[in-house]
Amino acid sequence: MADVEFLPFARPALSEAAIEEVVATLRSGWITTGPRVQKFEEMLSACHGGRRALALSSATAGLHVALLALTLETGDEVITTPLTFAATLNVIALAGATPVLVDIDPATLNMDVSRLEAAITPRTRVLMPVHFAGLPCDLDMIYALAKKHSLRVVEDCAHAIGAEYKGKKLGSFGDIAVMSFHPNKNMTTGEGGAVITDDKEVISAIERLRFHGIDRNAFNRFAKGGSQQYDVVLPGFKYNMMDIQAALGLHQLPELDGFIKKRAALVKRYYEALENWPELILPQAPTYAHTHAWHLFTPRLNDRDGFITAMKAENIGVGLHYQAAHMFSWYKERYDWKPEDFPNALAAGNSIASLPLFPTMTEAEQDRVIKAMEKVLKA
Ligand SMILES: *Cc1c(COP(=O)(O)O)cnc(C)c1O
């Protein structure tokens with residue numbers, strides 16, 4: 001198959017205008033946090049009901065400062081899903097809190113909200129749902145429980161920018177939402193992320209935490225008319241987004257809905273081609289109204305690892321998102337988690353594969369994937 005180009009499972013769709021904007025930024029003399037970050041934040045805010053959007057170096061940074069802004073104490077518990085990227089659990093541990101896991105619903109691969117209330121204890125402070133693959137969790141249930149038990153909600157929307165729950169865009173309602181702009185995600189700034197919220201205390205805490213604990217941003221300080229004086233009010237991080245990154249975001253964000261439409265059209269073709277294959281279990285939709293962001297398309301199969309290897313031999317990249325997080329050694333040892341504690345996540349983590357899916361993927365490329373799957377799975 002050496003004559004066929006390798007087809008990756010994901011590839012960013014960067015317009016010439018976006019590339020030109022990066023070049024213009026480089027030539028402008030202002031390459032770190034400045035006017036383009038400010039404009040990108042304003043655009044993000046406008047897309048999310050006017051709520052404040054804080055641009056950051058990554059979603060991991062966003063999840064971290066969101067939890068720190070909620071002033072968690074040692075022993076406080078944050079409830080999340082075992083079927084997520086390691087960053088979700090890492091930031092809980094880094095914030096000094098204890099992750100508590102709720103197993104997934106094997107049909108949707110999202111946290112099984114019917115098990116959520118049983119996991120809430122007097123130490124629970126935060127619910128941290130992950131909208132897996134871009135499918136919104138059942139947020140009415142989650143926010144009802146948050147209200148009943150006085151909990152905060154930090155939504156890990158790394159897969160789900162642009163997704164809608166009951167007609168409302170994720171991040172435009174609720175408590176705190178965190179977006180990712182990693183190159184594999186639905187829109188990119190190279191690396192980058194954002195927190196979206198309307199909580200004034202959380203906003204001012206994150207403004208400080210993202211830049212050294214300084215109470216004024218660098219643009220104001222160094223721009224003409226800005227004051228050189230500043231105070232450090234706490235030991236903060238270096239989590240700011242650069243203008244070079246925001247330059248991409250300014251062009252990616254207006255394209256996001258189009259990207260999602262293309263993803264959805266490709267997913268429709270996957271469902272049509274693959275339904276009724278006994279070798280596969282395809283992801284299922286919940287009954288509530290939603291618009292899926294289709295970051296990932298993750299069928300389940302018996303010999304997943306063999307499938308990934310065989311597809312690679314066909315020059316096709318297949319991703320693994322994710323092994324169940326409770327199986328990673330630090331977590332297993334620290335919290336004494338056993339494989340069978342979260343059997344649905346364990347089984348999903350051992351059987352899901354992310355098929356190639358990105359907005360510039362052609363139908364011919366997708367047909368190549370389906371043909372290769374036929375060869376690999378039905379031979
Ligand atoms: C990608 C991802 C993150 C981290 O995003 P970064 O922008 O790479 O830091 C967090 N949670 C989930 C579920 C992710 O997929």
# chains A, B, ... in the order shown; residues from 1 in each chain; ligands from 1
>>> select_by_dssp(residues="stretch 299-362 of chain A", states="helix (DSSP H, G or I)", output="PyMOL selection string")
chain A and resi 304-313+325-327+329-335+339-341+343-349
>>> residues_near_ligand(ligand="ligand 1", cutoff="7 Å", atoms="only C-alpha atoms and all ligand atoms", output="count of residues only")
20
>>> select_by_dssp(residues="stretch 52-104 of chain A", states="strand (DSSP E)", output="list of chain:residue names")
A:Arg52, A:Ala53, A:Leu54, A:Ala55, A:Leu56, A:Glu77, A:Val78, A:Ile79, A:Thr80, A:Thr98, A:Pro99, A:Val100, A:Leu101
>>> closest_residue(among="A:Ala264, A:Ala372, A:Val126, A:Val233", to="A:Thr80", atoms="only C-alpha atoms")
A:Val126
>>> atom_distance(atom1="atom CA of A:Glu365", atom2="atom CA of A:Arg269")
12.0 Å
